[in-house]
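S.K.: Dropping in work-v6.cif, which is mmCIF, C-alpha atoms and all ligand atoms:
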```cif
data_final
loop_
_atom_site.label_atom_id
_atom_site.label_comp_id
_atom_site.auth_asym_id
_atom_site.auth_seq_id
_atom_site.Cartn_x
_atom_site.Cartn_y
_atom_site.Cartn_z
CA MET A 3 0.00 0.00 0.00
CA THR A 4 1.29 3.42 -0.93
CA ASP A 5 0.39 6.38 1.28
CA ARG A 6 -1.34 8.72 -1.15
CA LEU A 7 -0.38 12.25 -0.15
CA TYR A 8 -2.80 13.78 -2.67
CA TYR A 9 -5.74 12.22 -0.79
CA ALA A 10 -5.31 14.70 2.07
CA ASP A 11 -3.50 17.52 0.24
CA ALA A 12 -3.96 18.08 -3.49
CA TYR A 13 -1.54 21.04 -3.30
CA CYS A 14 1.42 18.85 -2.26
CA ARG A 15 3.68 19.11 -5.29
CA ASP A 16 6.98 17.80 -3.98
CA PHE A 17 7.81 15.26 -1.32
CA SER A 18 10.41 12.83 0.00
CA ALA A 19 9.78 9.10 0.04
CA THR A 20 11.55 5.74 0.24
CA ILE A 21 11.65 3.27 -2.64
CA THR A 22 9.94 0.02 -1.58
CA ARG A 23 10.01 -1.85 -4.91
CA VAL A 24 11.73 -1.64 -8.29
CA ASN A 25 10.85 -3.96 -11.13
CA ARG A 26 10.52 -4.16 -14.90
CA ARG A 27 7.11 -4.42 -16.55
CA ASP A 28 6.49 -4.45 -20.32
CA GLY A 29 10.08 -3.33 -20.89
CA ARG A 30 9.78 -0.32 -18.57
CA THR A 31 11.11 0.38 -15.10
CA ILE A 32 8.48 0.60 -12.35
CA VAL A 33 9.20 2.27 -9.01
CA VAL A 34 6.94 1.95 -5.97
CA LEU A 35 7.34 4.33 -3.02
CA ASP A 36 6.09 4.23 0.57
CA ARG A 37 4.31 7.55 -0.08
CA THR A 38 3.61 9.65 -3.16
CA ALA A 39 2.01 12.85 -4.40
CA PHE A 40 1.81 11.41 -7.95
CA TYR A 41 -1.80 10.83 -9.00
CA PRO A 42 -2.41 7.57 -10.90
CA THR A 43 -4.99 7.48 -13.72
CA SER A 44 -8.39 6.82 -12.13
CA GLY A 45 -11.92 8.16 -11.92
CA GLY A 46 -11.67 9.95 -15.28
CA GLN A 47 -8.59 11.97 -14.23
CA PRO A 48 -5.25 11.25 -15.98
CA PHE A 49 -1.93 10.56 -14.23
CA ASP A 50 0.62 13.14 -13.15
CA ILE A 51 4.06 13.38 -14.68
CA GLY A 52 7.22 14.69 -13.01
CA THR A 53 10.58 13.51 -11.71
CA LEU A 54 12.15 11.36 -9.01
CA VAL A 55 15.65 12.26 -7.79
CA ALA A 56 17.58 9.95 -5.47
CA ARG A 57 19.05 11.87 -2.52
CA PRO A 58 22.32 11.14 -0.71
CA PHE A 59 21.74 9.75 2.78
CA GLU A 60 20.71 12.41 5.24
CA GLY A 61 23.34 13.63 7.66
CA ARG A 62 26.09 12.70 5.26
CA ASP A 63 27.72 15.47 3.30
CA GLY A 64 28.84 15.37 -0.24
CA GLY A 65 27.96 13.20 -3.14
CA PRO A 66 26.76 14.92 -6.27
CA GLU A 67 23.01 15.31 -6.78
CA ARG A 68 21.77 12.35 -8.82
CA PRO A 69 20.17 12.91 -12.23
CA ALA A 70 16.38 13.24 -12.30
CA LEU A 71 14.40 10.19 -13.43
CA PRO A 72 11.39 11.31 -15.49
CA VAL A 73 8.05 9.73 -14.46
CA VAL A 74 6.03 9.26 -17.67
CA ASP A 75 3.02 7.32 -16.37
CA VAL A 76 1.48 6.48 -13.01
CA ILE A 77 -0.64 3.38 -12.51
CA ASP A 78 -3.06 2.47 -9.71
CA ASP A 79 -2.09 -1.18 -9.10
CA ASP A 80 -4.56 -3.79 -7.87
CA ASP A 81 -2.59 -4.38 -4.65
CA GLY A 82 -3.13 -0.76 -3.55
CA SER A 83 0.30 0.47 -4.56
CA VAL A 84 1.00 3.35 -6.94
CA ALA A 85 3.39 2.37 -9.73
CA HIS A 86 5.64 5.16 -11.10
CA VAL A 87 6.64 4.28 -14.67
CA LEU A 88 10.01 5.71 -15.67
CA ASP A 89 11.06 6.91 -19.12
CA ASP A 90 11.82 4.05 -21.53
CA ALA A 91 15.50 4.94 -21.74
CA GLU A 92 17.74 3.11 -19.29
CA PRO A 93 18.52 5.29 -16.25
CA PRO A 94 21.97 6.91 -16.51
CA ALA A 95 24.77 5.02 -14.75
CA GLY A 96 24.71 5.71 -11.03
CA ALA A 97 21.09 6.83 -11.15
CA GLU A 98 19.44 3.40 -11.13
CA PRO A 99 16.68 3.42 -8.52
CA ALA A 100 17.15 0.89 -5.70
CA VAL A 101 15.01 -0.33 -2.83
CA GLY A 102 15.67 1.61 0.38
CA GLN A 103 16.84 4.75 -1.45
CA THR A 104 15.36 8.08 -0.42
CA VAL A 105 13.99 9.99 -3.38
CA HIS A 106 12.66 13.47 -3.86
CA GLY A 107 9.57 13.55 -6.06
CA THR A 108 8.31 16.61 -7.92
CA ILE A 109 5.11 16.64 -9.95
CA ASP A 110 4.50 18.76 -13.04
CA TRP A 111 2.36 21.36 -11.30
CA ALA A 112 0.98 23.11 -14.40
CA ARG A 113 -0.43 19.81 -15.66
CA ARG A 114 -1.77 18.81 -12.23
CA PHE A 115 -3.38 22.18 -11.49
CA ASP A 116 -5.10 22.06 -14.89
CA HIS A 117 -6.46 18.62 -13.96
CA MET A 118 -7.66 19.99 -10.59
CA GLN A 119 -9.49 22.86 -12.32
CA GLN A 120 -11.19 20.47 -14.77
CA HIS A 121 -12.09 17.91 -12.08
CA THR A 122 -13.58 20.34 -9.55
CA GLY A 123 -15.27 22.09 -12.48
CA GLN A 124 -16.81 18.77 -13.44
CA HIS A 125 -18.24 18.29 -9.93
CA VAL A 126 -19.73 21.81 -10.08
CA LEU A 127 -21.20 21.34 -13.57
CA SER A 128 -22.58 17.86 -12.81
CA ALA A 129 -24.12 19.11 -9.56
CA ALA A 130 -25.67 22.09 -11.37
CA VAL A 131 -27.24 19.79 -14.00
CA ASP A 132 -28.44 17.45 -11.25
CA ARG A 133 -29.90 20.21 -9.07
CA LEU A 134 -31.58 22.12 -11.92
CA PHE A 135 -32.92 19.24 -14.02
CA GLY A 136 -32.47 16.03 -11.99
CA VAL A 137 -30.19 14.66 -14.73
CA ARG A 138 -27.39 12.40 -13.55
CA THR A 139 -23.81 12.31 -14.76
CA VAL A 140 -23.02 8.74 -15.81
CA SER A 141 -19.32 9.23 -16.47
CA PHE A 142 -16.53 11.79 -16.74
CA HIS A 143 -13.50 11.93 -18.99
CA LEU A 144 -10.71 14.48 -18.62
CA GLY A 145 -9.14 14.66 -22.08
CA LYS A 146 -5.96 16.23 -23.41
CA GLU A 147 -7.83 19.22 -24.84
CA ALA A 148 -11.47 18.91 -23.86
CA SER A 149 -13.24 17.16 -20.99
CA THR A 150 -16.65 15.55 -21.24
CA ILE A 151 -19.47 14.35 -19.02
CA ASP A 152 -21.99 11.77 -20.18
CA LEU A 153 -25.50 12.68 -19.05
CA ALA A 154 -28.39 10.25 -18.53
CA ARG A 155 -30.65 12.25 -20.84
CA GLU A 156 -30.30 14.94 -23.49
CA LEU A 157 -30.42 18.56 -22.34
CA SER A 158 -31.78 21.35 -24.55
CA ARG A 159 -29.55 24.30 -25.49
CA ASP A 160 -31.40 26.45 -22.95
CA GLU A 161 -30.94 23.85 -20.20
CA ILE A 162 -27.20 23.63 -20.93
CA ALA A 163 -26.96 27.44 -20.82
CA ALA A 164 -28.81 27.51 -17.47
CA ALA A 165 -26.50 24.84 -15.99
CA GLU A 166 -23.45 26.73 -17.28
CA THR A 167 -24.71 29.96 -15.67
CA GLU A 168 -25.41 28.18 -12.39
CA ALA A 169 -21.93 26.56 -12.40
CA ASN A 170 -20.28 29.96 -12.93
CA ARG A 171 -22.38 31.45 -10.14
CA VAL A 172 -20.98 28.76 -7.81
CA ILE A 173 -17.45 29.66 -9.00
CA SER A 174 -18.00 33.37 -8.26
CA GLN A 175 -19.22 32.49 -4.74
CA ASN A 176 -15.75 31.00 -4.12
CA LEU A 177 -17.16 28.13 -2.02
CA CYS A 178 -14.87 25.97 0.08
CA VAL A 179 -14.02 22.53 -1.40
CA SER A 180 -13.15 20.11 1.42
CA ILE A 181 -12.14 16.48 1.78
CA ARG A 182 -13.79 14.12 4.28
CA PHE A 183 -13.28 10.45 5.05
CA VAL A 184 -16.34 8.47 6.23
CA SER A 185 -17.33 4.80 6.59
CA ALA A 186 -19.58 3.29 3.92
CA GLU A 187 -22.36 2.97 6.55
CA ASP A 188 -22.12 6.65 7.48
CA ALA A 189 -22.01 7.61 3.81
CA ALA A 190 -25.32 5.79 3.23
CA ALA A 191 -27.04 8.38 5.47
CA LEU A 192 -25.46 11.33 3.62
CA PRO A 193 -27.02 13.11 0.62
CA LEU A 194 -24.40 11.97 -1.93
CA ARG A 195 -25.09 13.10 -5.50
CA LYS A 196 -24.34 9.58 -6.70
CA GLU A 197 -24.32 6.50 -4.44
CA SER A 198 -20.92 4.82 -4.27
CA GLN A 199 -20.28 1.11 -4.86
CA ARG A 200 -17.10 1.19 -2.80
CA GLU A 201 -16.74 -0.54 0.54
CA GLY A 202 -14.76 0.50 3.61
CA THR A 203 -13.68 4.09 4.03
CA LEU A 204 -15.06 6.55 1.50
CA ARG A 205 -13.37 9.77 0.48
CA LEU A 206 -15.91 12.55 -0.02
CA ILE A 207 -15.45 15.86 -1.81
CA GLU A 208 -17.77 18.53 -0.44
CA ILE A 209 -18.47 21.83 -2.17
CA ASP A 210 -19.84 23.82 0.73
CA GLY A 211 -23.66 23.75 0.65
CA PHE A 212 -23.73 22.71 -3.02
CA ASP A 213 -22.42 19.20 -3.65
CA LEU A 214 -21.24 16.06 -1.86
CA SER A 215 -19.64 13.29 -3.94
CA ALA A 216 -17.47 10.25 -3.34
CA CYS A 217 -14.29 10.82 -5.35
CA GLY A 218 -10.59 9.92 -5.22
CA GLY A 219 -9.47 12.80 -7.46
CA THR A 220 -7.54 15.99 -6.81
CA HIS A 221 -9.46 19.24 -6.37
CA VAL A 222 -8.86 22.97 -5.96
CA GLU A 223 -9.54 24.24 -2.42
CA ARG A 224 -12.11 26.88 -3.38
CA THR A 225 -14.46 27.03 -6.37
CA GLY A 226 -13.00 30.42 -7.37
CA SER A 227 -9.81 28.61 -8.44
CA ILE A 228 -11.75 26.91 -11.25
CA GLY A 229 -11.83 30.36 -12.88
CA VAL A 230 -14.65 29.78 -15.34
CA ILE A 231 -16.63 26.90 -16.87
CA ALA A 232 -17.58 27.03 -20.54
CA THR A 233 -19.50 24.24 -22.27
CA GLY A 234 -18.57 23.17 -25.81
CA ALA A 235 -19.93 20.68 -28.32
CA VAL A 236 -22.71 18.22 -27.50
CA GLU A 237 -23.52 14.89 -29.10
CA ARG A 238 -26.03 12.11 -28.55
CA PHE A 239 -24.42 9.29 -26.62
CA LYS A 240 -25.86 5.97 -25.35
CA GLY A 241 -29.41 7.30 -25.08
CA GLY A 242 -28.17 10.42 -23.29
CA GLN A 243 -25.77 13.18 -24.14
CA ARG A 244 -22.03 13.78 -24.13
CA LEU A 245 -21.31 17.36 -23.10
CA GLU A 246 -17.89 18.92 -23.62
CA PHE A 247 -16.59 21.56 -21.18
CA PHE A 248 -13.51 23.69 -20.51
CA CYS A 249 -12.43 25.13 -17.15
CA GLY A 250 -9.92 27.81 -16.15
CA GLY A 251 -6.88 28.06 -18.43
CA ARG A 252 -8.46 25.74 -20.97
CA ALA A 253 -11.50 28.03 -21.29
CA LEU A 254 -9.14 30.95 -21.93
CA ASP A 255 -7.17 28.93 -24.55
CA ARG A 256 -10.45 27.97 -26.19
CA PHE A 257 -11.62 31.57 -26.21
CA ARG A 258 -8.35 32.69 -27.79
CA SER A 259 -8.45 30.08 -30.55
CA MET A 260 -12.11 30.88 -31.32
CA ARG A 261 -11.34 34.62 -31.32
CA ASP A 262 -8.49 34.07 -33.83
CA THR A 263 -10.67 31.84 -35.99
CA ILE A 264 -13.47 34.41 -36.07
CA ALA A 265 -10.97 37.22 -36.74
CA GLY A 266 -9.70 35.26 -39.75
CA ALA A 267 -13.23 34.74 -41.06
CA VAL A 268 -14.10 38.41 -40.48
CA ARG A 269 -11.03 39.51 -42.49
CA LEU A 270 -11.81 37.16 -45.39
CA LEU A 271 -15.50 38.03 -45.56
CA SER A 272 -15.24 41.75 -44.66
CA VAL A 273 -18.19 41.54 -42.26
CA LEU A 274 -18.75 42.02 -38.53
CA PRO A 275 -18.25 38.90 -36.32
CA GLY A 276 -22.02 38.44 -35.85
CA GLU A 277 -22.52 38.51 -39.62
CA VAL A 278 -20.16 35.58 -40.38
CA PRO A 279 -22.81 32.79 -40.53
CA GLY A 280 -25.09 34.88 -42.80
CA ALA A 281 -22.16 35.78 -45.07
CA ILE A 282 -21.12 32.12 -45.42
CA ASP A 283 -24.72 31.17 -46.15
CA ARG A 284 -24.90 33.76 -48.96
CA LEU A 285 -21.58 32.50 -50.38
CA LEU A 286 -22.83 28.92 -50.43
CA ILE A 287 -26.00 29.95 -52.27
CA ASP A 288 -23.86 31.85 -54.83
CA VAL A 289 -21.58 28.83 -55.30
CA ARG A 290 -24.55 26.52 -55.91
CA ASP A 291 -25.98 28.95 -58.49
CA GLN A 292 -22.65 29.18 -60.25
CA GLN A 293 -22.22 25.41 -60.27
CA ARG A 294 -25.59 25.07 -61.99
CA THR A 295 -24.59 27.69 -64.58
CA VAL A 296 -21.21 26.04 -65.18
CA THR A 297 -22.86 22.62 -65.66
CA ALA A 298 -25.29 24.05 -68.21
CA LEU A 299 -22.48 25.87 -70.05
CA LYS A 300 -20.34 22.73 -70.13
CA GLN A 301 -23.20 20.80 -71.69
CA ASP A 302 -23.67 23.51 -74.31
CA LEU A 303 -19.95 23.56 -75.04
CA ALA A 304 -19.79 19.77 -75.33
CA SER A 305 -22.60 19.74 -77.89
CA TYR A 306 -20.88 22.47 -79.97
CA ARG A 307 -17.54 20.67 -79.81
CA ALA A 308 -19.23 17.38 -80.68
CA GLU A 309 -20.81 19.04 -83.72
CA GLU A 310 -17.47 20.47 -84.79
CA MET A 311 -15.74 17.06 -84.33
CA ALA A 312 -18.48 15.21 -86.19
CA ALA A 313 -18.19 17.68 -89.09
CA ALA A 314 -14.40 17.13 -89.27
CA ALA A 315 -14.56 13.30 -89.00
CA GLU A 316 -12.47 11.21 -91.42
CA PRO A 317 -14.31 8.65 -93.51
CA SER A 318 -13.07 5.05 -93.12
CA ALA A 319 -14.24 1.53 -93.89
CA ALA A 320 -15.41 1.02 -90.29
CA GLY A 321 -17.27 4.34 -90.02
CA ARG A 322 -16.58 8.06 -89.62
CA LEU A 323 -13.51 8.38 -87.40
CA VAL A 324 -12.96 11.02 -84.72
CA LEU A 325 -9.46 10.67 -83.15
CA ARG A 326 -8.62 13.66 -81.00
CA VAL A 327 -6.48 14.96 -78.15
CA VAL A 328 -8.78 16.80 -75.74
CA GLU A 329 -8.23 18.82 -72.51
CA GLY A 330 -10.43 17.45 -69.76
CA ASP A 331 -11.14 14.84 -67.11
CA ALA A 332 -12.79 11.44 -67.57
CA ASN A 333 -16.30 12.93 -67.25
CA GLY A 334 -15.57 15.60 -69.86
CA LEU A 335 -14.09 13.07 -72.33
CA ARG A 336 -16.99 10.69 -71.81
CA SER A 337 -19.74 13.26 -72.33
CA LEU A 338 -18.00 14.61 -75.44
CA ALA A 339 -17.59 11.10 -76.94
CA SER A 340 -21.22 10.26 -76.07
CA ALA A 341 -22.43 13.46 -77.77
CA VAL A 342 -20.57 12.55 -81.01
CA VAL A 343 -21.80 8.93 -81.14
CA SER A 344 -25.41 9.99 -80.52
CA ARG A 345 -25.29 10.50 -84.31
CA PRO A 346 -25.24 7.38 -86.52
CA GLY A 347 -22.06 6.02 -88.10
CA PHE A 348 -19.30 7.32 -85.79
CA ILE A 349 -16.26 5.82 -84.08
CA VAL A 350 -14.58 8.05 -81.49
CA VAL A 351 -11.31 7.78 -79.54
CA LEU A 352 -10.45 10.75 -77.30
CA VAL A 353 -7.11 11.03 -75.46
CA SER A 354 -6.44 13.51 -72.69
CA ALA A 355 -3.51 15.91 -73.06
CA SER A 356 -2.24 14.83 -69.61
CA ARG A 357 0.41 12.21 -68.88
CA PRO A 358 -0.39 9.55 -67.71
CA ALA A 359 -3.24 9.79 -70.18
CA LEU A 360 -6.97 9.07 -70.08
CA VAL A 361 -8.63 7.39 -73.05
CA VAL A 362 -12.32 7.15 -73.94
CA ALA A 363 -13.52 5.06 -76.89
CA ALA A 364 -17.12 5.04 -78.14
CA ARG A 365 -19.15 4.01 -81.16
CA SER A 366 -22.57 4.82 -82.57
CA GLN A 367 -25.32 2.19 -82.17
CA ASP A 368 -25.02 1.18 -85.84
CA ALA A 369 -21.18 0.98 -85.90
CA SER A 370 -19.47 -2.37 -85.36
CA MET A 371 -16.14 -1.51 -83.71
CA PRO A 372 -16.08 -2.83 -80.08
CA ALA A 373 -14.89 0.13 -77.94
CA HIS A 374 -13.66 -2.12 -75.09
CA ASP A 375 -11.36 -4.00 -77.51
CA VAL A 376 -9.77 -0.70 -78.56
CA VAL A 377 -9.19 0.24 -74.91
CA LYS A 378 -7.76 -3.22 -74.22
CA ALA A 379 -5.32 -2.88 -77.14
CA LEU A 380 -4.19 0.54 -75.88
CA THR A 381 -3.62 -0.55 -72.26
CA ALA A 382 -1.70 -3.59 -73.57
CA THR A 383 0.71 -1.19 -75.27
CA PHE A 384 0.81 1.77 -72.86
CA GLY A 385 -0.14 0.23 -69.49
CA GLY A 386 -2.88 1.62 -67.25
CA ARG A 387 -6.24 0.17 -66.31
CA GLY A 388 -9.69 0.33 -67.80
CA GLY A 389 -12.63 -1.43 -69.39
CA GLY A 390 -16.21 -0.96 -70.49
CA ARG A 391 -18.79 -2.08 -73.00
CA PRO A 392 -18.70 -2.41 -76.82
CA GLU A 393 -20.49 0.99 -77.05
CA LEU A 394 -18.35 2.89 -74.51
CA ALA A 395 -15.08 2.13 -72.72
CA GLN A 396 -12.39 4.09 -70.92
CA ALA A 397 -8.95 3.69 -69.35
CA GLY A 398 -6.59 5.77 -67.24
CA GLY A 399 -2.89 5.74 -66.40
CA LEU A 400 -1.59 5.20 -69.96
CA ASP A 401 2.10 6.04 -70.29
CA GLY A 402 2.61 7.53 -73.75
CA THR A 403 2.38 10.83 -75.55
CA PRO A 404 -1.11 11.69 -76.86
CA GLU A 405 0.26 11.39 -80.42
CA GLU A 406 1.62 7.87 -79.80
CA ILE A 407 -1.64 6.76 -78.22
CA LEU A 408 -3.73 8.23 -81.05
CA ALA A 409 -1.53 6.50 -83.66
CA ALA A 410 -2.07 3.17 -81.87
CA ALA A 411 -5.81 3.89 -81.66
CA ARG A 412 -5.92 4.54 -85.40
CA ALA A 413 -4.27 1.15 -86.00
CA ALA A 414 -6.71 -0.54 -83.62
CA VAL A 415 -9.87 0.79 -85.23
CA SER A 416 -8.92 0.36 -88.87
ZN ZN B 1 -14.59 13.36 -8.99
#
```
Translate this file's structure into structure tokens.

M.R.:
Amino acid sequence: MTDRLYYADAYCRDFSATITRVNRRDGRTIVVLDRTAFYPTSGGQPFDIGTLVARPFEGRDGGPERPALPVVDVIDDDDGSVAHVLDDAEPPAGAEPAVGQTVHGTIDWARRFDHMQQHTGQHVLSAAVDRLFGVRTVSFHLGKEASTIDLARELSRDEIAAAETEANRVISQNLCVSIRFVSAEDAAALPLRKESQREGTLRLIEIDGFDLSACGGTHVERTGSIGVIATGAVERFKGGQRLEFFCGGRALDRFRSMRDTIAGAVRLLSVLPGEVPGAIDRLLIDVRDQQRTVTALKQDLASYRAEEMAAAAEPSAAGRLVLRVVEGDANGLRSLASAVVSRPGFIVVLVSASRPALVVAARSQDASMPAHDVVKALTATFGGRGGGRPELAQAGGLDGTPEEILAAARAAVS
């Protein structure tokens, strides 16, 4: 069993302890101490990181300070001990941790304090939702960027706004957040927000006059230290709702990134911030109108080009031949070829000007040349992939100049 210093004092950020176990697990070094301020991942809150430094024996002078061993993960082991996982790299010579050594531990306070703001903020937000609407929080996840609570039912936008306002009112009241230890029997008589399944001694987090919850996490000592709570995106989740939120420094970071995003949009659109959605809406309508116009113009152009190609076709034994290099994508080549062969008596092979090249072959209903055989002959010579029907076939990825491909097409159709 490790004595968990954070249980009684979440503000303990460095401490001395004695190493009670060192072992290797999954290729990494694990150190167990008799006491620790390092929080292991549990209850939705992620682990602390930091360093362990072995100290020379007390009362004995000299000996250089040992190098710091970075703690990269902290695990709550089944036997009640807290496992400190060291960096993958082998510890430097002379710094190997050993049982009986005294170490000085320091946790990364910026990371931990952020976790404390999010976790106490979660208690406040969950309690606000519970008190206002009787909706329970099913689970909590403290993520790298955003944190979420999963609620038993969906809240409306107005309900979320009301809970957010209530949570921020509790922050501005700067209520005391205290830690209590009670037996499971005593806890049963207390108005806990959520009954606990745990047995033995329970650790309770009390927000003075507002919330009482069983929790093993680390919390700020007054609600004012949360700073602010801002809710984010919502999504349906397991018959309820997943609600994103940001507390303290994260809310400020979020505000800054949204401010910069809006400023960028405002510059591009030359409108006021409140006019951005309307301006984007108008742009989208314009784009759709223009797409319709472009489609109609392309069709017109294709029919004119088809007429011009048909007029310039070469007579041959198999039919009237159209062999052309054309700028365009597969759709453009196909609609052009189709427009030509809508007339009787035509055989068409179009090659894109790009390299690798696209090829489309087509024939009129009354012509006999199988278009897919032409495409097959071309891919056999120039590579690429394709296929189709006797009336229409296409291929892409042909490696040859348009002139070489057209010459081969001429040979294939005649
Ligand atoms: Zn909690």

S.K.: Determine, using all atoms listed in the file, which residues of segment 138-217 of chain A have any atom at most 9 Å from an atom of segment 32-53 of chain A, and tabulate each with its shortest atom pair and distance in Å to one decimal place, rows ordered by chain and then rising number, as a tab-separated table.

M.R.:
```
residue	atom	partner	partner_atom	distance
A:Ser141	CA	A:Gly46	CA	7.8
A:Phe142	CA	A:Gly46	CA	5.4
A:His143	CA	A:Gly46	CA	4.6
A:Leu144	CA	A:Gln47	CA	5.5
A:Gly145	CA	A:Pro48	CA	8.0
A:Lys146	CA	A:Pro48	CA	9.0
A:Cys217	CA	A:Gly45	CA	7.5
```

S.K.: Within 12 Å of ligand ZN 1 (chain B), counting all atoms listed in the file: which residues, as a PyMOL selection string?

M.R.: chain A and resi 44-48+117-129+139-144+151+179+181+195-196+198+205-209+213-222

S.K.: Would you kindly identify which residues have an atom no farther than 9 Å from (-21.1, 18.1, -76.1), using all atoms listed in the file and the file's own coordinates, and write them out as a list of chain:residue names?

M.R.: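 The residues that fall inside the cut-off are A:Lys300, A:Gln301, A:Asp302, A:Leu303, A:Ala304, A:Ser305, A:Tyr306, A:Arg307, A:Ala308, A:Glu309, A:Gly334, A:Ser337, A:Leu338, A:Ala339, A:Ser340, A:Ala341, A:Val342.
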
S.K.: Just C-alpha atoms for this one: save the residues we selected as a PDB file, in the frame of the given file.

M.R.:
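This went into again_35.pdb:
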```
ATOM      1  CA  LYS A 300     -20.340  22.730 -70.130  1.00  0.00           C
ATOM      2  CA  GLN A 301     -23.200  20.800 -71.690  1.00  0.00           C
ATOM      3  CA  ASP A 302     -23.670  23.510 -74.310  1.00  0.00           C
ATOM      4  CA  LEU A 303     -19.950  23.560 -75.040  1.00  0.00           C
ATOM      5  CA  ALA A 304     -19.790  19.770 -75.330  1.00  0.00           C
ATOM      6  CA  SER A 305     -22.600  19.740 -77.890  1.00  0.00           C
ATOM      7  CA  TYR A 306     -20.880  22.470 -79.970  1.00  0.00           C
ATOM      8  CA  ARG A 307     -17.540  20.670 -79.810  1.00  0.00           C
ATOM      9  CA  ALA A 308     -19.230  17.380 -80.680  1.00  0.00           C
ATOM     10  CA  GLU A 309     -20.810  19.040 -83.720  1.00  0.00           C
ATOM     11  CA  GLY A 334     -15.570  15.600 -69.860  1.00  0.00           C
ATOM     12  CA  SER A 337     -19.740  13.260 -72.330  1.00  0.00           C
ATOM     13  CA  LEU A 338     -18.000  14.610 -75.440  1.00  0.00           C
ATOM     14  CA  ALA A 339     -17.590  11.100 -76.940  1.00  0.00           C
ATOM     15  CA  SER A 340     -21.220  10.260 -76.070  1.00  0.00           C
ATOM     16  CA  ALA A 341     -22.430  13.460 -77.770  1.00  0.00           C
ATOM     17  CA  VAL A 342     -20.570  12.550 -81.010  1.00  0.00           C
TER      18      VAL A 342
END
```

S.K.: Suppose you want the space between atom CA of Gly280 of chain A and atom CA of Arg252 of chain A; what is it in Å?

M.R.: 28.9 Å

S.K.: May I have the residues at most 10 Å from (-23.4, 9.0, -19.2) in the file's coordinates, counting all atoms listed in the file, as a list in words?

M.R.: Val137, Arg138, Thr139, Val140, Ser141, Phe142, Thr150, Ile151, Asp152, Leu153, Ala154, Arg155, Phe239, Lys240, Gly241, Gly242, Gln243, Arg244 and Leu245 of chain A

S.K.: Write to file, as an mmCIF file, in the frame of the given file, the residues of the selection just made, with C-alpha atoms.

M.R.:
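Full text of part-v4.cif as output:
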```cif
data_model
loop_
_atom_site.group_PDB
_atom_site.id
_atom_site.type_symbol
_atom_site.label_atom_id
_atom_site.label_comp_id
_atom_site.auth_asym_id
_atom_site.auth_seq_id
_atom_site.Cartn_x
_atom_site.Cartn_y
_atom_site.Cartn_z
ATOM 1 C CA VAL A 137 -30.190 14.660 -14.730
ATOM 2 C CA ARG A 138 -27.390 12.400 -13.550
ATOM 3 C CA THR A 139 -23.810 12.310 -14.760
ATOM 4 C CA VAL A 140 -23.020 8.740 -15.810
ATOM 5 C CA SER A 141 -19.320 9.230 -16.470
ATOM 6 C CA PHE A 142 -16.530 11.790 -16.740
ATOM 7 C CA THR A 150 -16.650 15.550 -21.240
ATOM 8 C CA ILE A 151 -19.470 14.350 -19.020
ATOM 9 C CA ASP A 152 -21.990 11.770 -20.180
ATOM 10 C CA LEU A 153 -25.500 12.680 -19.050
ATOM 11 C CA ALA A 154 -28.390 10.250 -18.530
ATOM 12 C CA ARG A 155 -30.650 12.250 -20.840
ATOM 13 C CA PHE A 239 -24.420 9.290 -26.620
ATOM 14 C CA LYS A 240 -25.860 5.970 -25.350
ATOM 15 C CA GLY A 241 -29.410 7.300 -25.080
ATOM 16 C CA GLY A 242 -28.170 10.420 -23.290
ATOM 17 C CA GLN A 243 -25.770 13.180 -24.140
ATOM 18 C CA ARG A 244 -22.030 13.780 -24.130
ATOM 19 C CA LEU A 245 -21.310 17.360 -23.100
#
```

S.K.: Quick one: contact table of segment 89-129 of chain A to segment 72-76 of chain A, 10 Å max, nearest atom pair and distance in Å to one decimal per residue, counting all atoms listed in the file, chain and number order, as CSV?

M.R.:
```
residue,atom,partner,partner_atom,distance
A:Asp89,CA,A:Pro72,CA,5.7
A:Asp90,CA,A:Val74,CA,8.7
A:Ala91,CA,A:Pro72,CA,9.8
A:Pro93,CA,A:Pro72,CA,9.4
A:Gly107,CA,A:Val73,CA,9.4
A:Thr108,CA,A:Val73,CA,9.5
A:Ile109,CA,A:Val73,CA,8.8
A:Asp110,CA,A:Val73,CA,9.8
```

S.K.: So, with all atoms listed in the file as the atoms that count, which of A:Leu157, A:Leu270, A:Ala265, A:Ile162 lies closest to Gly234 of chain A?

M.R.: A:Ile162

S.K.: Could you check the closest approach to Ala395 of chain A for each of A:Thr4, A:Thr381, A:Ser272, A:Ser227 and tell me which residue wins, using only C-alpha atoms?

M.R.: A:Thr381

S.K.: For segment 383-392 of chain A, what centre and edge lengths in Å (one decimal) does the axis-aligned box get once 5 Å is added on each side of all its listed atoms, as lines of an AutoDock Vina configuration file?

M.R.:
```
center_x = -9.0
center_y = -0.3
center_z = -71.6
size_x = 29.6
size_y = 14.2
size_z = 20.5
```
